[in-house]
$ cat data.cif   # mmCIF, C-alpha atoms
data_input
loop_
_atom_site.group_PDB
_atom_site.id
_atom_site.type_symbol
_atom_site.label_atom_id
_atom_site.label_comp_id
_atom_site.auth_asym_id
_atom_site.auth_seq_id
_atom_site.Cartn_x
_atom_site.Cartn_y
_atom_site.Cartn_z
ATOM 1 C CA MET A 267 -4.895 -7.169 20.635
ATOM 2 C CA GLY A 268 -8.485 -6.161 20.040
ATOM 3 C CA LEU A 269 -10.237 -5.604 16.771
ATOM 4 C CA ARG A 270 -7.899 -4.357 14.071
ATOM 5 C CA PRO A 271 -8.723 -2.768 10.725
ATOM 6 C CA PHE A 272 -9.439 -5.018 7.744
ATOM 7 C CA VAL A 273 -6.313 -5.035 5.554
ATOM 8 C CA HIS A 274 -6.653 -5.284 1.773
ATOM 9 C CA VAL A 275 -3.488 -5.329 -0.339
ATOM 10 C CA ASN A 276 -4.104 -4.125 -3.890
ATOM 11 C CA CYS A 277 -1.484 -3.748 -6.618
ATOM 12 C CA ALA A 278 -0.750 -4.219 -10.304
ATOM 13 C CA MET A 279 2.070 -6.300 -11.718
ATOM 14 C CA SER A 280 3.381 -7.113 -15.166
ATOM 15 C CA ALA A 281 2.933 -10.494 -16.818
ATOM 16 C CA ASP A 282 6.411 -11.378 -15.502
ATOM 17 C CA GLY A 283 5.636 -10.346 -11.930
ATOM 18 C CA LYS A 284 7.174 -6.853 -11.683
ATOM 19 C CA ILE A 285 5.567 -3.725 -10.226
ATOM 20 C CA ALA A 286 8.125 -1.267 -11.660
ATOM 21 C CA GLY A 287 11.340 -1.160 -13.683
ATOM 22 C CA CYS A 288 14.840 -1.666 -12.306
ATOM 23 C CA GLU A 289 15.124 2.073 -11.597
ATOM 24 C CA ARG A 290 11.983 1.681 -9.422
ATOM 25 C CA LYS A 291 10.066 4.341 -11.320
ATOM 26 C CA GLN A 292 6.355 3.846 -11.954
ATOM 27 C CA VAL A 293 5.384 1.959 -15.121
ATOM 28 C CA THR A 294 1.856 1.946 -16.548
ATOM 29 C CA ILE A 295 0.586 -1.593 -15.954
ATOM 30 C CA SER A 296 -3.143 -1.255 -15.225
ATOM 31 C CA SER A 297 -5.712 -1.127 -18.002
ATOM 32 C CA GLY A 298 -8.235 1.684 -18.109
ATOM 33 C CA GLU A 299 -10.821 -0.679 -16.650
ATOM 34 C CA ASP A 300 -8.554 -1.534 -13.723
ATOM 35 C CA LYS A 301 -7.838 2.138 -13.036
ATOM 36 C CA GLU A 302 -11.585 2.758 -12.760
ATOM 37 C CA ARG A 303 -11.883 -0.228 -10.401
ATOM 38 C CA VAL A 304 -9.176 1.190 -8.140
ATOM 39 C CA LYS A 305 -10.855 4.617 -8.043
ATOM 40 C CA ALA A 306 -14.093 2.978 -6.909
ATOM 41 C CA LEU A 307 -12.256 0.717 -4.457
ATOM 42 C CA ARG A 308 -10.571 3.642 -2.718
ATOM 43 C CA ARG A 309 -13.956 5.144 -1.906
ATOM 44 C CA THR A 310 -14.837 2.092 0.205
ATOM 45 C CA TYR A 311 -11.828 2.187 2.555
ATOM 46 C CA GLY A 312 -11.096 4.269 5.619
ATOM 47 C CA ALA A 313 -7.412 4.658 4.806
ATOM 48 C CA ILE A 314 -4.929 4.207 1.961
ATOM 49 C CA LEU A 315 -1.458 3.097 3.048
ATOM 50 C CA VAL A 316 1.876 3.140 1.215
ATOM 51 C CA GLY A 317 5.530 2.920 2.128
ATOM 52 C CA VAL A 318 7.839 5.914 1.888
ATOM 53 C CA GLY A 319 9.568 4.369 -1.127
ATOM 54 C CA THR A 320 6.362 4.806 -3.104
ATOM 55 C CA VAL A 321 6.097 8.434 -1.967
ATOM 56 C CA VAL A 322 9.690 9.192 -2.972
ATOM 57 C CA ALA A 323 9.523 7.369 -6.336
ATOM 58 C CA ASP A 324 6.006 8.240 -7.517
ATOM 59 C CA ASP A 325 4.782 11.176 -5.365
ATOM 60 C CA PRO A 326 1.145 9.967 -5.288
ATOM 61 C CA HIS A 327 -1.613 12.151 -3.867
ATOM 62 C CA LEU A 328 -3.652 9.133 -2.584
ATOM 63 C CA THR A 329 -6.952 10.989 -2.760
ATOM 64 C CA VAL A 330 -10.238 10.245 -4.508
ATOM 65 C CA LYS A 331 -11.325 12.734 -7.149
ATOM 66 C CA GLY A 332 -14.516 14.504 -6.154
ATOM 67 C CA LEU A 333 -14.178 13.900 -2.407
ATOM 68 C CA GLY A 334 -13.392 16.640 0.086
ATOM 69 C CA TYR A 335 -11.079 16.671 3.093
ATOM 70 C CA ASP A 336 -13.484 14.957 5.486
ATOM 71 C CA ASP A 337 -14.674 12.322 2.999
ATOM 72 C CA ASN A 338 -11.335 11.223 1.541
ATOM 73 C CA PRO A 339 -9.641 8.156 3.027
ATOM 74 C CA VAL A 340 -6.906 8.916 5.548
ATOM 75 C CA ARG A 341 -3.483 8.776 3.870
ATOM 76 C CA ILE A 342 -0.955 6.682 5.812
ATOM 77 C CA VAL A 343 2.759 6.561 5.008
ATOM 78 C CA ILE A 344 5.076 3.980 6.600
ATOM 79 C CA ASP A 345 8.306 5.951 6.961
ATOM 80 C CA PRO A 346 10.635 4.635 9.705
ATOM 81 C CA ASP A 347 13.462 7.091 9.033
ATOM 82 C CA GLY A 348 11.452 10.210 8.174
ATOM 83 C CA ARG A 349 12.301 10.372 4.459
ATOM 84 C CA THR A 350 8.999 11.851 3.220
ATOM 85 C CA PRO A 351 9.917 15.068 1.348
ATOM 86 C CA ASP A 352 8.277 18.242 2.628
ATOM 87 C CA GLY A 353 6.765 18.970 -0.790
ATOM 88 C CA SER A 354 5.130 15.560 -1.237
ATOM 89 C CA LEU A 355 1.558 15.504 -2.538
ATOM 90 C CA VAL A 356 0.483 13.445 0.488
ATOM 91 C CA LEU A 357 1.126 16.622 2.502
ATOM 92 C CA ASP A 358 -1.013 18.864 0.302
ATOM 93 C CA GLY A 359 -3.798 19.242 2.884
ATOM 94 C CA ARG A 360 -6.458 17.693 0.626
ATOM 95 C CA ALA A 361 -6.999 14.810 3.076
ATOM 96 C CA ARG A 362 -5.860 13.755 6.524
ATOM 97 C CA THR A 363 -2.347 12.291 6.534
ATOM 98 C CA VAL A 364 -0.623 10.065 9.081
ATOM 99 C CA ILE A 365 3.118 9.375 8.851
ATOM 100 C CA VAL A 366 4.335 6.390 10.867
ATOM 101 C CA THR A 367 7.989 6.607 11.911
ATOM 102 C CA SER A 368 10.261 4.700 14.254
ATOM 103 C CA GLU A 369 10.479 5.868 17.857
ATOM 104 C CA THR A 370 13.964 7.287 17.213
ATOM 105 C CA CYS A 371 12.786 9.584 14.395
ATOM 106 C CA LYS A 372 12.061 13.096 15.642
ATOM 107 C CA ARG A 373 10.969 14.697 12.391
ATOM 108 C CA GLN A 374 7.644 16.503 12.024
ATOM 109 C CA TRP A 375 5.682 17.510 8.901
ATOM 110 C CA LYS A 376 3.130 20.196 8.158
ATOM 111 C CA ASN A 377 -0.371 18.792 7.430
ATOM 112 C CA ALA A 378 0.477 15.391 8.934
ATOM 113 C CA ILE A 379 -0.011 13.542 12.207
ATOM 114 C CA CYS A 380 3.096 11.617 13.319
ATOM 115 C CA VAL A 381 2.781 8.200 14.934
ATOM 116 C CA ARG A 382 5.943 6.772 16.521
ATOM 117 C CA SER A 383 6.244 2.992 16.299
ATOM 118 C CA VAL A 384 8.053 1.026 18.986
ATOM 119 C CA GLY A 385 11.215 -0.474 17.501
ATOM 120 C CA ARG A 386 11.788 -0.341 13.751
ATOM 121 C CA MET A 387 8.145 -0.885 12.765
ATOM 122 C CA ASP A 388 5.588 -2.807 14.832
ATOM 123 C CA LEU A 389 2.742 -3.221 12.323
ATOM 124 C CA PRO A 390 0.235 -4.837 14.723
ATOM 125 C CA ALA A 391 0.730 -1.920 17.117
ATOM 126 C CA VAL A 392 0.410 0.532 14.221
ATOM 127 C CA LEU A 393 -2.902 -1.060 13.209
ATOM 128 C CA ASP A 394 -4.054 -0.815 16.819
ATOM 129 C CA VAL A 395 -3.371 2.942 16.760
ATOM 130 C CA ILE A 396 -5.193 3.213 13.430
ATOM 131 C CA ALA A 397 -8.179 1.352 14.877
ATOM 132 C CA ARG A 398 -8.303 3.759 17.835
ATOM 133 C CA MET A 399 -8.502 6.582 15.287
ATOM 134 C CA GLY A 400 -11.797 5.061 14.130
ATOM 135 C CA ILE A 401 -10.409 3.560 10.913
ATOM 136 C CA GLU A 402 -11.969 0.163 10.219
ATOM 137 C CA SER A 403 -10.339 -0.714 6.897
ATOM 138 C CA VAL A 404 -6.982 -0.079 5.213
ATOM 139 C CA LEU A 405 -6.103 -0.382 1.526
ATOM 140 C CA VAL A 406 -2.379 -1.121 1.174
ATOM 141 C CA GLU A 407 -1.119 -0.023 -2.256
ATOM 142 C CA GLY A 408 2.649 -0.534 -2.076
ATOM 143 C CA GLY A 409 5.455 -0.693 -2.520
ATOM 144 C CA GLY A 410 6.817 -4.198 -2.553
ATOM 145 C CA GLU A 411 8.661 -4.085 0.770
ATOM 146 C CA THR A 412 5.656 -2.607 2.566
ATOM 147 C CA ILE A 413 3.359 -5.257 1.095
ATOM 148 C CA ALA A 414 5.844 -7.969 2.088
ATOM 149 C CA SER A 415 5.934 -6.662 5.660
ATOM 150 C CA PHE A 416 2.148 -7.035 5.964
ATOM 151 C CA PHE A 417 2.291 -10.575 4.572
ATOM 152 C CA ARG A 418 5.187 -11.430 6.875
ATOM 153 C CA ALA A 419 3.210 -10.220 9.897
ATOM 154 C CA GLY A 420 0.144 -12.259 8.875
ATOM 155 C CA LEU A 421 -2.002 -9.126 8.578
ATOM 156 C CA VAL A 422 -3.384 -9.468 5.038
ATOM 157 C CA ASP A 423 -7.122 -10.247 4.847
ATOM 158 C CA ARG A 424 -7.501 -9.859 1.070
ATOM 159 C CA TYR A 425 -5.031 -9.600 -1.807
ATOM 160 C CA THR A 426 -6.025 -8.343 -5.232
ATOM 161 C CA VAL A 427 -3.501 -8.121 -8.047
ATOM 162 C CA PHE A 428 -4.084 -6.947 -11.583
ATOM 163 C CA VAL A 429 -1.813 -8.782 -14.023
ATOM 164 C CA GLY A 430 -1.230 -6.517 -17.020
ATOM 165 C CA GLY A 431 -0.259 -7.373 -20.555
ATOM 166 C CA ILE A 432 3.292 -6.045 -20.364
ATOM 167 C CA VAL A 433 6.691 -7.638 -19.673
ATOM 168 C CA ILE A 434 9.158 -5.446 -17.754
ATOM 169 C CA GLY A 435 12.086 -7.766 -17.007
ATOM 170 C CA GLY A 436 15.191 -7.239 -14.898
ATOM 171 C CA ARG A 437 16.391 -9.283 -11.940
ATOM 172 C CA SER A 438 16.464 -6.170 -9.741
ATOM 173 C CA ALA A 439 12.988 -4.920 -10.716
ATOM 174 C CA PRO A 440 10.668 -4.880 -7.663
ATOM 175 C CA THR A 441 7.920 -7.435 -7.163
ATOM 176 C CA PRO A 442 4.640 -7.253 -5.186
ATOM 177 C CA ALA A 443 6.259 -8.885 -2.118
ATOM 178 C CA ASP A 444 9.766 -7.473 -2.291
ATOM 179 C CA GLY A 445 12.737 -7.175 0.036
ATOM 180 C CA ASP A 446 15.308 -9.559 1.485
ATOM 181 C CA GLY A 447 14.463 -13.264 1.651
ATOM 182 C CA TRP A 448 11.104 -14.999 1.653
ATOM 183 C CA VAL A 449 8.163 -13.524 3.549
ATOM 184 C CA LYS A 450 7.783 -17.007 5.057
ATOM 185 C CA ASP A 451 9.963 -20.131 4.840
ATOM 186 C CA ASN A 452 7.405 -22.218 2.965
ATOM 187 C CA GLY A 453 5.471 -19.351 1.419
ATOM 188 C CA ILE A 454 2.010 -18.114 2.388
ATOM 189 C CA ASN A 455 -0.906 -20.147 1.076
ATOM 190 C CA MET A 456 -3.651 -18.060 -0.488
ATOM 191 C CA ARG A 457 -7.023 -19.184 -1.856
ATOM 192 C CA LEU A 458 -8.083 -17.817 -5.251
ATOM 193 C CA VAL A 459 -11.638 -16.581 -4.751
ATOM 194 C CA SER A 460 -12.258 -14.851 -8.088
ATOM 195 C CA SER A 461 -10.726 -13.865 -11.427
ATOM 196 C CA GLU A 462 -11.898 -11.306 -13.949
ATOM 197 C CA VAL A 463 -10.656 -10.027 -17.300
ATOM 198 C CA LEU A 464 -10.290 -6.234 -17.247
ATOM 199 C CA GLY A 465 -9.135 -4.954 -20.620
ATOM 200 C CA ASN A 466 -5.750 -6.356 -21.559
ATOM 201 C CA GLY A 467 -5.188 -8.054 -18.226
ATOM 202 C CA ALA A 468 -6.770 -10.020 -15.417
ATOM 203 C CA LEU A 469 -7.729 -9.210 -11.837
ATOM 204 C CA LEU A 470 -7.034 -11.999 -9.345
ATOM 205 C CA THR A 471 -8.491 -11.952 -5.831
ATOM 206 C CA PHE A 472 -6.958 -14.067 -3.080
ATOM 207 C CA GLU A 473 -7.714 -14.580 0.603
ATOM 208 C CA PRO A 474 -5.608 -16.418 3.206
ATOM 209 C CA TYR A 475 -6.554 -19.941 4.235
#
$ encode --input "data.cif" --output "structure tokens"
Amino acid sequence: MGLRPFVHVNCAMSADGKIAGCERKQVTISSGEDKERVKALRRTYGAILVGVGTVVADDPHLTVKGLGYDDNPVRIVIDPDGRTPDGSLVLDGRARTVIVTSETCKRQWKNAICVRSVGRMDLPAVLDVIARMGIESVLVEGGGETIASFFRAGLVDRYTVFVGGIVIGGRSAPTPADGDGWVKDNGINMRLVSSEVLGNGALLTFEPY
């Protein structure tokens, strides 16, 4: 495969390692300082990517305030089975939207380009399509299973996680790298390159060895 987009995973987790409650609804974890960091970060990326679970649970708009249609990052939703609701904010026409489905999904959406992935979800091939669209960098914002799939495929170039001063609890509450089993038998070694206190929490930046 040729050059692929730079992949940066960014998320916030509680002090006990959860990204949401057991009901998988969004919980405020980030400090005000971290929220401002994320707003600025989004401006520097060609695309913002989430899984369909995040769209269904949180209905994010994934746009940057103050930017128009042509200047906003492209919104990408990983949605193998075509579960993105028609009224989702990612389909509001405020920015370009790409929905990636499996090759067996035939659904279409207004205000979105559909990309059919070979098999269930071939992430390297998806990134190749994204690169051919002229997108050089992707900010992956969740949820846990989507983040885990990028780690599992060895596609993460940078990982930033804000650890907030809140404990959520619950054995079934999602984590940053969620899903069935380990993303890799012996884990994935990451090098801590920086740490910073942001309000009542800390931002940790990791890169793969």
$ closest_residue --input "data.cif" --among "A:Asp352, A:Pro390, A:Asp347, A:Arg360" --to "Leu333 in chain A" --atoms "all atoms listed in the file"
A:Arg360
$ atom_distance --input "data.cif" --atom1 "CA of Asn452 in chain A" --atom2 "CA of Thr412 in chain A"
19.7 Å
$ closest_atom_pairs --input "data.cif" --of "range 364-419 of chain A" --to "range 342-345 of chain A" --cutoff "10 Å" --atoms "all atoms listed in the file" --output "Markdown table"
| residue | atom | partner | partner_atom | distance |
| --- | --- | --- | --- | --- |
| A:Val364 | CA | A:Ile342 | CA | 4.7 |
| A:Ile365 | CA | A:Val343 | CA | 4.8 |
| A:Val366 | CA | A:Ile344 | CA | 5.0 |
| A:Thr367 | CA | A:Asp345 | CA | 5.0 |
| A:Ser368 | CA | A:Asp345 | CA | 7.7 |
| A:Cys371 | CA | A:Asp345 | CA | 9.4 |
| A:Ala378 | CA | A:Ile342 | CA | 9.4 |
| A:Ile379 | CA | A:Ile342 | CA | 9.4 |
| A:Cys380 | CA | A:Val343 | CA | 9.7 |
| A:Val381 | CA | A:Ile344 | CA | 9.6 |
| A:Arg382 | CA | A:Asp345 | CA | 9.9 |
| A:Ser383 | CA | A:Ile344 | CA | 9.8 |
| A:Arg386 | CA | A:Asp345 | CA | 9.9 |
| A:Met387 | CA | A:Ile344 | CA | 8.4 |
| A:Leu389 | CA | A:Ile344 | CA | 9.5 |
| A:Val392 | CA | A:Ile344 | CA | 9.6 |
| A:Ile396 | CA | A:Ile342 | CA | 9.4 |
| A:Val404 | CA | A:Ile342 | CA | 9.1 |
| A:Leu405 | CA | A:Ile342 | CA | 9.7 |
| A:Val406 | CA | A:Ile342 | CA | 9.2 |
| A:Thr412 | CA | A:Ile344 | CA | 7.7 |
$ closest_residue --input "data.cif" --among "A:Leu357, A:Pro339, A:Phe428, A:Val318" --to "Val463 in chain A" --atoms "only C-alpha atoms"
A:Phe428
$ atom_distance --input "data.cif" --atom1 "CA of Val322 in chain A" --atom2 "CA of Arg349 in chain A"
8.0 Å
$ resolve_selection --input "data.cif" --expression "the PyMOL selection byres ((chain A and resi 436-442) around 10)" --output "CSV table (one decimal) with C-alpha atoms, in the coordinates of the input"
chain,number,residue,atom,x,y,z
A,275,VAL,CA,-3.5,-5.3,-0.3
A,276,ASN,CA,-4.1,-4.1,-3.9
A,277,CYS,CA,-1.5,-3.7,-6.6
A,278,ALA,CA,-0.8,-4.2,-10.3
A,279,MET,CA,2.1,-6.3,-11.7
A,280,SER,CA,3.4,-7.1,-15.2
A,282,ASP,CA,6.4,-11.4,-15.5
A,283,GLY,CA,5.6,-10.3,-11.9
A,284,LYS,CA,7.2,-6.9,-11.7
A,285,ILE,CA,5.6,-3.7,-10.2
A,286,ALA,CA,8.1,-1.3,-11.7
A,287,GLY,CA,11.3,-1.2,-13.7
A,288,CYS,CA,14.8,-1.7,-12.3
A,289,GLU,CA,15.1,2.1,-11.6
A,290,ARG,CA,12.0,1.7,-9.4
A,291,LYS,CA,10.1,4.3,-11.3
A,407,GLU,CA,-1.1,0.0,-2.3
A,408,GLY,CA,2.6,-0.5,-2.1
A,409,GLY,CA,5.5,-0.7,-2.5
A,410,GLY,CA,6.8,-4.2,-2.6
A,411,GLU,CA,8.7,-4.1,0.8
A,412,THR,CA,5.7,-2.6,2.6
A,413,ILE,CA,3.4,-5.3,1.1
A,414,ALA,CA,5.8,-8.0,2.1
A,427,VAL,CA,-3.5,-8.1,-8.0
A,433,VAL,CA,6.7,-7.6,-19.7
A,434,ILE,CA,9.2,-5.4,-17.8
A,435,GLY,CA,12.1,-7.8,-17.0
A,443,ALA,CA,6.3,-8.9,-2.1
A,444,ASP,CA,9.8,-7.5,-2.3
A,445,GLY,CA,12.7,-7.2,0.0
$ residues_near_point --input "data.cif" --point "(-4.0, -10.9, -4.3)" --cutoff "10 Å" --atoms "all atoms listed in the file" --output "ChimeraX atom specification"
/A:274-278,422-428,442,456-460,469-474
$ atom_distance --input "data.cif" --atom1 "CA of Tyr475 in chain A" --atom2 "CA of Ser461 in chain A"
17.3 Å
$ axis_aligned_box --input "data.cif" --around "range 452-457 of chain A" --padding-each-side "8 Å" --output "AutoDock Vina command-line options"
--center_x 0.2 --center_y -20.1 --center_z 0.6 --size_x 30.4 --size_y 20.2 --size_z 20.8
$ resolve_selection --input "data.cif" --expression "the PyMOL selection byres ((chain A and resi 337) around 12)" --output "list in words"
Arg308, Arg309, Thr310, Tyr311, Gly312, Ala313, Thr329, Val330, Lys331, Gly332, Leu333, Gly334, Tyr335, Asp336, Asn338, Pro339, Val340, Arg341, Arg360, Ala361 and Arg362 of chain A
$ closest_atom_pairs --input "data.cif" --of "range 355-449 of chain A" --to "range 293-297 of chain A" --cutoff "8 Å" --atoms "only C-alpha atoms" --output "JSON lines"
{"residue": "A:Phe428", "atom": "CA", "partner": "A:Ser296", "partner_atom": "CA", "distance": 6.8}
{"residue": "A:Val429", "atom": "CA", "partner": "A:Ser296", "partner_atom": "CA", "distance": 7.7}
{"residue": "A:Gly430", "atom": "CA", "partner": "A:Ile295", "partner_atom": "CA", "distance": 5.4}
{"residue": "A:Gly431", "atom": "CA", "partner": "A:Ile295", "partner_atom": "CA", "distance": 7.4}
{"residue": "A:Ile432", "atom": "CA", "partner": "A:Ile295", "partner_atom": "CA", "distance": 6.8}
$ closest_residue --input "data.cif" --among "A:Pro326, A:Gly348, A:Asp300, A:Leu355" --to "Glu369 in chain A" --atoms "all atoms listed in the file"
A:Gly348
$ residues_around --input "data.cif" --residues "Pro271 in chain A" --least-positions-apart "4" --cutoff "8 Å" --atoms "all atoms listed in the file" --output "PyMOL selection string"
chain A and resi 393-394+396-397+401-404
$ closest_residue --input "data.cif" --among "A:Gly359, A:Thr370, A:Met399, A:Val316" --to "Ser415 in chain A" --atoms "all atoms listed in the file"
A:Val316
